>>> print(open('protein.txt').read())   # compact mmCIF, C-alpha atoms
# COMPACT_ATOMS: atom_id res chain seq x y z
CA VAL A 1 0.09 -16.23 -3.51
CA THR A 2 -3.24 -17.95 -3.41
CA ALA A 3 -6.55 -16.23 -2.90
CA TYR A 4 -8.64 -18.15 -0.47
CA ASP A 5 -11.53 -20.28 -1.61
CA LEU A 6 -11.89 -18.74 -5.04
CA ASP A 7 -12.61 -21.56 -7.41
CA SER A 8 -12.08 -20.00 -10.81
CA PRO A 9 -8.52 -19.08 -11.81
CA ALA A 10 -9.65 -15.80 -13.42
CA ARG A 11 -11.50 -14.72 -10.30
CA HIS A 12 -8.58 -15.72 -8.17
CA LYS A 13 -6.30 -13.54 -10.29
CA ASP A 14 -8.63 -10.51 -10.14
CA VAL A 15 -8.89 -10.48 -6.40
CA SER A 16 -5.21 -11.22 -5.93
CA VAL A 17 -4.09 -8.28 -8.07
CA LEU A 18 -6.40 -5.91 -6.17
CA GLU A 19 -5.07 -7.08 -2.85
CA LEU A 20 -1.49 -6.98 -4.11
CA THR A 21 -1.88 -3.43 -5.38
CA ASP A 22 -3.25 -2.26 -2.07
CA ARG A 23 -0.24 -3.73 -0.28
CA ILE A 24 2.59 -3.03 -2.67
CA LEU A 25 1.71 0.62 -3.29
CA GLY A 26 0.46 1.49 0.17
CA LYS A 27 2.58 -0.61 2.51
CA GLY A 28 6.02 -2.16 2.58
CA VAL A 29 9.18 -0.67 3.98
CA VAL A 30 10.31 2.73 2.74
CA LEU A 31 13.99 3.47 3.18
CA HIS A 32 14.73 7.04 2.36
CA GLY A 33 15.36 6.42 -1.31
CA GLU A 34 13.04 7.74 -3.92
CA ILE A 35 9.62 6.39 -4.63
CA THR A 36 9.40 6.73 -8.37
CA LEU A 37 5.62 6.92 -8.39
CA SER A 38 4.08 10.23 -7.56
CA VAL A 39 1.70 10.33 -4.63
CA ALA A 40 -1.00 11.40 -7.08
CA ASP A 41 -0.46 8.22 -9.15
CA VAL A 42 -0.76 6.05 -6.07
CA ASP A 43 -3.90 7.85 -4.94
CA LEU A 44 -5.45 7.33 -8.35
CA VAL A 45 -4.73 3.62 -8.23
CA HIS A 46 -6.22 3.38 -4.74
CA VAL A 47 -9.34 5.26 -5.67
CA GLY A 48 -9.81 3.00 -8.69
CA LEU A 49 -9.24 -0.07 -6.55
CA ARG A 50 -11.79 0.89 -3.98
CA LEU A 51 -14.38 1.71 -6.61
CA LEU A 52 -13.76 -1.66 -8.22
CA LEU A 53 -13.81 -3.52 -4.92
CA ALA A 54 -17.00 -1.81 -3.86
CA SER A 55 -18.82 -2.41 -7.15
CA THR A 56 -21.92 -4.54 -6.89
CA ASP A 57 -20.54 -6.96 -9.44
CA THR A 58 -17.32 -7.57 -7.51
CA VAL A 59 -19.15 -8.01 -4.23
CA GLU A 60 -21.62 -10.44 -5.80
CA ARG A 61 -18.82 -12.55 -7.20
CA LEU A 62 -16.86 -12.45 -3.97
CA ARG A 63 -19.90 -13.26 -1.92
CA SER A 64 -20.79 -16.40 -3.82
CA THR A 65 -17.21 -17.63 -3.68
CA ALA A 66 -16.58 -16.69 -0.09
CA LEU A 67 -19.65 -18.52 1.06
CA GLY A 68 -18.83 -21.54 -1.00
CA GLY A 69 -21.25 -20.94 -3.87
CA SER A 70 -24.78 -19.79 -3.18
CA PRO A 71 -27.54 -21.05 -5.50
CA VAL B 1 19.77 3.26 -10.72
CA ILE B 2 19.19 0.57 -8.09
CA TYR B 3 15.72 -0.88 -7.58
CA LEU B 4 14.96 -2.30 -4.12
CA TYR B 5 12.66 -5.34 -3.70
CA GLY B 6 13.11 -6.04 -0.03
CA ILE B 7 15.37 -6.49 2.99
CA ALA B 8 16.41 -9.96 4.16
CA PRO B 9 18.81 -11.47 6.70
CA ALA B 10 22.55 -11.79 6.00
CA GLY B 11 23.43 -14.69 3.74
CA THR B 12 20.39 -14.36 1.48
CA ARG B 13 21.24 -15.16 -2.13
CA PRO B 14 18.31 -14.38 -4.39
CA GLU B 15 18.11 -16.15 -7.72
CA GLY B 16 16.45 -15.17 -10.94
CA GLU B 17 15.49 -11.90 -12.52
CA GLY B 18 13.84 -8.66 -11.55
CA HIS B 19 12.41 -5.78 -13.59
CA GLY B 20 13.21 -5.93 -17.29
CA GLY B 21 14.98 -9.27 -16.90
CA ALA B 22 17.82 -7.71 -14.88
CA PRO B 23 19.59 -10.27 -12.67
CA LEU B 24 18.98 -9.98 -8.94
CA ASP B 25 21.85 -8.79 -6.80
CA VAL B 26 22.42 -7.99 -3.15
CA VAL B 27 23.79 -5.05 -1.19
CA ALA B 28 24.90 -6.34 2.20
CA HIS B 29 25.56 -4.26 5.30
CA GLY B 30 25.42 -4.83 9.03
CA GLY B 31 23.80 -8.27 9.06
CA LEU B 32 21.24 -7.20 6.46
CA VAL B 33 20.87 -7.85 2.77
CA ALA B 34 19.04 -5.57 0.36
CA VAL B 35 17.71 -7.50 -2.63
CA VAL B 36 18.12 -5.28 -5.69
CA SER B 37 18.56 -5.10 -9.44
CA HIS B 38 20.70 -2.59 -11.35
CA HIS B 39 19.44 -0.57 -14.28
CA GLU B 40 20.87 2.01 -16.65
CA ALA B 41 17.50 3.71 -16.52
CA LEU B 42 14.26 2.51 -15.03
CA ASP B 43 10.74 3.80 -15.34
CA VAL B 44 8.35 1.57 -13.42
CA HIS B 45 4.59 1.92 -13.68
CA PRO B 46 2.08 0.05 -11.53
CA ALA B 47 0.87 -2.27 -14.29
CA PRO B 48 -0.16 -5.74 -13.07
CA ASP B 49 2.76 -7.63 -14.64
CA VAL B 50 5.26 -5.14 -13.20
CA LEU B 51 3.67 -5.39 -9.74
CA TRP B 52 3.76 -9.18 -9.95
CA CYS B 53 7.43 -9.07 -10.91
CA HIS B 54 8.24 -7.19 -7.68
CA GLU B 55 5.97 -9.54 -5.73
CA SER B 56 7.48 -12.72 -7.16
CA VAL B 57 10.99 -11.58 -6.22
CA VAL B 58 9.83 -10.92 -2.65
CA GLU B 59 8.02 -14.28 -2.49
CA ARG B 60 11.12 -16.15 -3.69
CA VAL B 61 13.23 -14.46 -1.01
CA LEU B 62 10.59 -15.31 1.61
CA GLU B 63 10.56 -18.97 0.57
CA GLY B 64 14.35 -19.08 0.60
CA THR B 65 14.97 -17.38 3.94
CA GLY B 66 11.71 -17.40 5.94
CA ALA B 67 12.06 -13.68 6.63
CA VAL B 68 11.76 -10.66 4.38
CA LEU B 69 10.66 -7.07 4.67
CA PRO B 70 9.07 -6.23 1.32
CA ALA B 71 9.91 -2.78 -0.03
CA ARG B 72 7.27 -0.35 -1.20
CA PHE B 73 6.86 -0.64 -4.96
CA GLY B 74 8.99 1.88 -6.84
CA SER B 75 11.83 2.32 -4.31
CA THR B 76 15.00 3.36 -6.12
CA PHE B 77 18.44 4.66 -5.20
CA ALA B 78 20.72 6.63 -7.48
CA ARG B 79 23.89 5.00 -6.08
CA GLU B 80 24.77 2.00 -3.94
CA GLU B 81 26.30 4.20 -1.20
CA LEU B 82 22.93 5.84 -0.63
CA LEU B 83 21.31 2.46 -0.02
CA VAL B 84 24.16 1.40 2.29
CA ASP B 85 23.70 4.64 4.26
CA GLU B 86 20.03 3.84 4.80
CA LEU B 87 20.75 0.23 5.80
CA ALA B 88 23.26 1.54 8.35
CA ARG B 89 20.93 4.24 9.65
CA HIS B 90 18.00 1.85 10.16
CA ALA B 91 19.94 -1.35 10.91
CA ASP B 92 18.51 -1.90 14.39
CA ALA B 93 14.91 -1.30 13.36
CA LEU B 94 15.26 -3.52 10.29
CA ARG B 95 16.87 -6.41 12.17
CA HIS B 96 14.23 -6.16 14.87
CA ALA B 97 11.46 -6.17 12.24
CA LEU B 98 12.96 -9.21 10.51
CA ASP B 99 12.93 -11.07 13.82
CA ARG B 100 9.25 -10.19 14.31
CA VAL B 101 8.15 -11.52 10.92
CA ARG B 102 10.42 -14.57 10.75
CA GLY B 103 8.40 -17.74 10.19
CA SER B 104 5.15 -15.84 9.68
CA VAL B 105 3.13 -14.72 6.68
CA GLU B 106 0.47 -12.09 6.17
CA LEU B 107 -3.17 -13.01 5.59
CA GLY B 108 -5.62 -10.39 4.41
CA LEU B 109 -9.31 -10.11 5.22
CA ARG B 110 -11.99 -7.92 3.73
CA ALA B 111 -15.62 -7.81 4.70
CA PHE B 112 -18.18 -6.55 2.18
CA TRP B 113 -21.73 -5.42 2.75
CA ASP B 114 -24.34 -6.28 0.14
CA ALA B 115 -25.83 -2.84 0.57
CA ASP B 116 -24.57 0.22 2.35
CA PRO B 117 -26.46 0.16 5.69
CA GLY B 118 -26.14 3.94 5.90
CA GLY B 119 -27.72 4.44 2.51
CA SER B 120 -25.87 6.35 -0.15
CA ALA B 121 -24.52 9.56 1.36
CA GLU B 122 -22.92 10.41 -1.99
CA GLY B 123 -25.99 9.97 -4.14
CA PRO B 124 -28.46 12.75 -4.89
CA PRO B 125 -31.19 13.11 -2.27
CA ALA B 126 -34.60 11.75 -3.20
CA ASP B 127 -36.19 15.15 -2.76
CA ALA B 128 -33.74 17.93 -3.32
CA PRO B 129 -34.26 20.41 -0.50
CA THR B 130 -35.37 23.80 -1.70
CA THR B 131 -35.37 25.61 1.62
CA GLY B 132 -32.69 26.29 4.16
CA ARG B 133 -34.52 24.18 6.70
CA GLY B 134 -34.86 21.31 4.21
CA TYR B 135 -31.15 21.49 3.54
CA LEU B 136 -30.32 21.30 7.22
CA LEU B 137 -32.66 18.34 7.71
CA ALA B 138 -31.04 16.54 4.78
CA ARG B 139 -27.62 17.22 6.24
CA ALA B 140 -28.70 15.83 9.61
CA GLY B 141 -30.05 12.73 7.86
CA ASP B 142 -26.72 12.19 6.11
CA GLU B 143 -24.90 12.48 9.40
CA ARG B 144 -27.22 9.92 11.03
CA ARG B 145 -26.62 7.47 8.18
CA ARG B 146 -22.87 7.94 8.46
CA GLN B 147 -23.07 7.33 12.18
CA ALA B 148 -25.15 4.17 11.66
CA ARG B 149 -22.60 2.91 9.19
CA ARG B 150 -19.70 3.59 11.57
CA GLU B 151 -21.46 1.80 14.44
CA ARG B 152 -22.25 -1.28 12.37
CA ALA B 153 -18.70 -1.41 11.04
CA ALA B 154 -17.27 -1.21 14.55
CA ALA B 155 -19.61 -3.98 15.77
CA LEU B 156 -18.63 -6.18 12.83
CA ALA B 157 -14.93 -5.55 13.54
CA ASP B 158 -15.44 -6.63 17.16
CA ALA B 159 -17.16 -9.82 16.07
CA VAL B 160 -14.94 -10.80 13.16
CA HIS B 161 -11.60 -9.05 13.51
CA GLY B 162 -11.42 -9.46 17.29
CA PRO B 163 -11.06 -13.27 17.42
CA LEU B 164 -8.74 -13.34 14.40
CA ALA B 165 -6.47 -10.67 15.88
CA ALA B 166 -6.38 -12.64 19.13
CA ARG B 167 -4.82 -15.67 17.43
CA SER B 168 -2.33 -13.58 15.38
CA ALA B 169 1.07 -12.30 16.37
CA GLU B 170 0.07 -8.84 15.11
CA ALA B 171 -2.88 -7.36 13.28
CA THR B 172 -3.99 -4.17 11.58
CA VAL B 173 -7.54 -3.05 10.85
CA GLU B 174 -9.14 -0.23 8.91
CA LEU B 175 -12.86 0.50 9.19
CA LEU B 176 -14.85 1.68 6.18
CA ALA B 177 -12.07 1.88 3.62
CA ALA B 178 -15.08 2.37 1.32
CA PRO B 179 -18.78 2.64 2.20
CA ARG B 180 -19.41 -1.02 1.33
CA ILE B 181 -16.15 -2.33 2.84
CA PRO B 182 -16.68 -2.15 6.60
CA VAL B 183 -13.53 -4.07 7.58
CA THR B 184 -10.12 -4.34 5.91
CA ALA B 185 -7.63 -6.21 8.05
CA ALA B 186 -4.23 -7.89 7.91
CA TYR B 187 -2.83 -10.55 10.21
CA LEU B 188 0.68 -11.78 10.89
CA VAL B 189 0.21 -15.53 11.19
CA PRO B 190 2.77 -18.28 11.86
CA ARG B 191 3.07 -20.47 8.75
CA ASP B 192 1.86 -23.54 10.60
CA ASP B 193 -1.33 -21.76 11.71
CA VAL B 194 -2.45 -20.65 8.24
CA ASP B 195 -4.90 -23.56 7.80
CA GLY B 196 -6.32 -23.10 11.29
CA PHE B 197 -6.74 -19.38 10.69
CA ARG B 198 -8.62 -20.01 7.45
CA SER B 199 -10.99 -22.48 9.01
CA GLN B 200 -11.79 -19.89 11.67
CA VAL B 201 -12.59 -17.44 8.85
CA ASP B 202 -14.92 -20.11 7.42
CA ASP B 203 -16.68 -20.37 10.77
CA LEU B 204 -16.99 -16.59 11.01
CA ALA B 205 -18.40 -16.42 7.48
CA THR B 206 -21.05 -18.95 8.42
CA ALA B 207 -21.90 -16.98 11.55
CA HIS B 208 -22.22 -13.71 9.57
CA PRO B 209 -24.26 -14.43 6.45
CA ASP B 210 -25.02 -10.70 6.04
CA VAL B 211 -21.43 -9.98 4.96
CA ALA B 212 -19.07 -11.51 2.44
CA LEU B 213 -15.71 -12.33 4.04
CA VAL B 214 -12.75 -12.74 1.72
CA CYS B 215 -9.44 -13.99 3.05
CA THR B 216 -6.34 -13.73 0.83
CA GLY B 217 -2.73 -14.80 1.16
CA PRO B 218 -0.31 -15.90 2.26
CA TRP B 219 1.45 -12.63 1.44
CA PRO B 220 4.88 -11.37 2.40
CA PRO B 221 4.41 -9.18 5.48
CA TYR B 222 3.73 -5.87 3.66
CA SER B 223 1.50 -4.62 6.46
CA PHE B 224 4.03 -5.44 9.19
CA THR B 225 7.10 -3.59 8.03
CA PRO B 226 8.46 -0.69 10.06
CA SER B 227 7.66 2.84 9.02
CA LEU B 228 11.08 4.48 8.75
CA ALA B 229 10.91 7.40 6.37
CA PRO B 230 9.15 10.53 7.56
CA GLY B 231 7.12 10.65 4.36
CA LEU B 232 7.08 9.64 0.76
CA VAL B 233 9.19 11.62 -1.63
CA ASP B 234 6.93 12.97 -4.31
CA VAL B 235 8.98 13.13 -7.51
>>> encode(input="protein.txt", output="structure tokens")
Amino acid sequence: VTAYDLDSPARHKDVSVLELTDRILGKGVVLHGEITLSVADVDLVHVGLRLLLASTDTVERLRSTALGGSP
Amino acid sequence: VIYLYGIAPAGTRPEGEGHGGAPLDVVAHGGLVAVVSHHEALDVHPAPDVLWCHESVVERVLEGTGAVLPARFGSTFAREELLVDELARHADALRHALDRVRGSVELGLRAFWDADPGGSAEGPPADAPTTGRGYLLARAGDERRRQARRERAAALADAVHGPLAARSAEATVELLAAPRIPVTAAYLVPRDDVDGFRSQVDDLATAHPDVALVCTGPWPPYSFTPSLAPGLVDV
């Protein structure tokens, strides 16, 4: 997996793990086995994710990378 | 216990290791292959390295076969027969879904606002109302800000998500996943259109300097797998 247009490897990794978590815990096929995580656990992770994603710091970093580096 | 990573077409032979270094194995039934690992006991937690382990297995299967339905993280079966039963029960839906995603990957898009255009509905009001009328006015103000936020998010989705969805085989979109995240979207994109898709995102980013657009992927098609179970089992 590559995060688009994110020049620093650390940044790239940060964003990728957030996006992965959103997908892997919230999407993907569910056969009727057991999901070994409780719904409460998953909700906690999602709440944390959204707080992190919405933090000013994250947005600032994403913004400068997404727009190709503002001055 | 059997841990499930994903569903792939018949003939898939995954290589390498899964959780805890366990070798990958397959459970085949009805033209489908479940990619699994076997464990005496397994307690998975959503730590980054454990999530990446699941993801890397799915990515390897995708690279090997061109089609995979990634499983939700943490899917386990007590016995192989239980997994075979589910493969049999959902065989048609799973085969159909594999056909839909074959040759395509998922790209993700998030739009961020610098500042919440609705203001902070969660924060404390500047002047705490002390009268019933003041309270009602404050409530009405909150509702107006929420409405403004919803309208701007919908307009942004039309402008940004609309053209990207039009060039994708399938797309999903969620508005206002958080107050500063107006658009969260996923696109099912043919592999050979990934570069073209990304340059369209570049163009859209240039046209919308008031938002930060972040495109990630390619991912296995997590957002384009069928919903089969009536609900999650809370254990």
>>> atom_distance(input="protein.txt", atom1="atom CA of B:Arg167", atom2="atom CA of B:Arg149")
27.0 Å
>>> interface_residues(input="protein.txt", of="chain B", to="chain A", cutoff="6 Å", atoms="only C-alpha atoms", output="list of chain:residue names")
B:Pro70, B:Ala71, B:Arg72, B:Phe73, B:Gly74, B:Ser75, B:Thr76, B:Phe77, B:Arg180, B:Ala212, B:Val214, B:Cys215, B:Thr216, B:Gly217, B:Pro218, B:Tyr222, B:Ser223, B:Thr225, B:Ala229, B:Val233, B:Asp234, B:Val235
>>> atom_distance(input="protein.txt", atom1="atom CA of B:Tyr187", atom2="atom CA of B:Asp92")
23.4 Å
>>> atom_distance(input="protein.txt", atom1="atom CA of B:Ala169", atom2="atom CA of B:His90")
22.9 Å
>>> residues_near_point(input="protein.txt", point="(21.4, 2.7, 5.7)", cutoff="10 Å", atoms="all atoms listed in the file", output="PDB file with C-alpha atoms, in the coordinates of the input")
ATOM      1  CA  LEU A  31      13.990   3.470   3.180  1.00  0.00           C
ATOM      2  CA  HIS A  32      14.730   7.040   2.360  1.00  0.00           C
ATOM      3  CA  GLY A  33      15.360   6.420  -1.310  1.00  0.00           C
TER       4      GLY A  33
ATOM      5  CA  HIS B  29      25.560  -4.260   5.300  1.00  0.00           C
ATOM      6  CA  GLY B  30      25.420  -4.830   9.030  1.00  0.00           C
ATOM      7  CA  LEU B  32      21.240  -7.200   6.460  1.00  0.00           C
ATOM      8  CA  GLU B  81      26.300   4.200  -1.200  1.00  0.00           C
ATOM      9  CA  LEU B  82      22.930   5.840  -0.630  1.00  0.00           C
ATOM     10  CA  LEU B  83      21.310   2.460  -0.020  1.00  0.00           C
ATOM     11  CA  VAL B  84      24.160   1.400   2.290  1.00  0.00           C
ATOM     12  CA  ASP B  85      23.700   4.640   4.260  1.00  0.00           C
ATOM     13  CA  GLU B  86      20.030   3.840   4.800  1.00  0.00           C
ATOM     14  CA  LEU B  87      20.750   0.230   5.800  1.00  0.00           C
ATOM     15  CA  ALA B  88      23.260   1.540   8.350  1.00  0.00           C
ATOM     16  CA  ARG B  89      20.930   4.240   9.650  1.00  0.00           C
ATOM     17  CA  HIS B  90      18.000   1.850  10.160  1.00  0.00           C
ATOM     18  CA  ALA B  91      19.940  -1.350  10.910  1.00  0.00           C
ATOM     19  CA  LEU B  94      15.260  -3.520  10.290  1.00  0.00           C
TER      20      LEU B  94
END
>>> axis_aligned_box(input="protein.txt", around="stretch 37-54 of chain B", padding_each_side="4 Å", output="JSON")
{"center_x": 10.4, "center_y": -2.7, "center_z": -12.2, "size_x": 29.0, "size_y": 21.0, "size_z": 17.0}
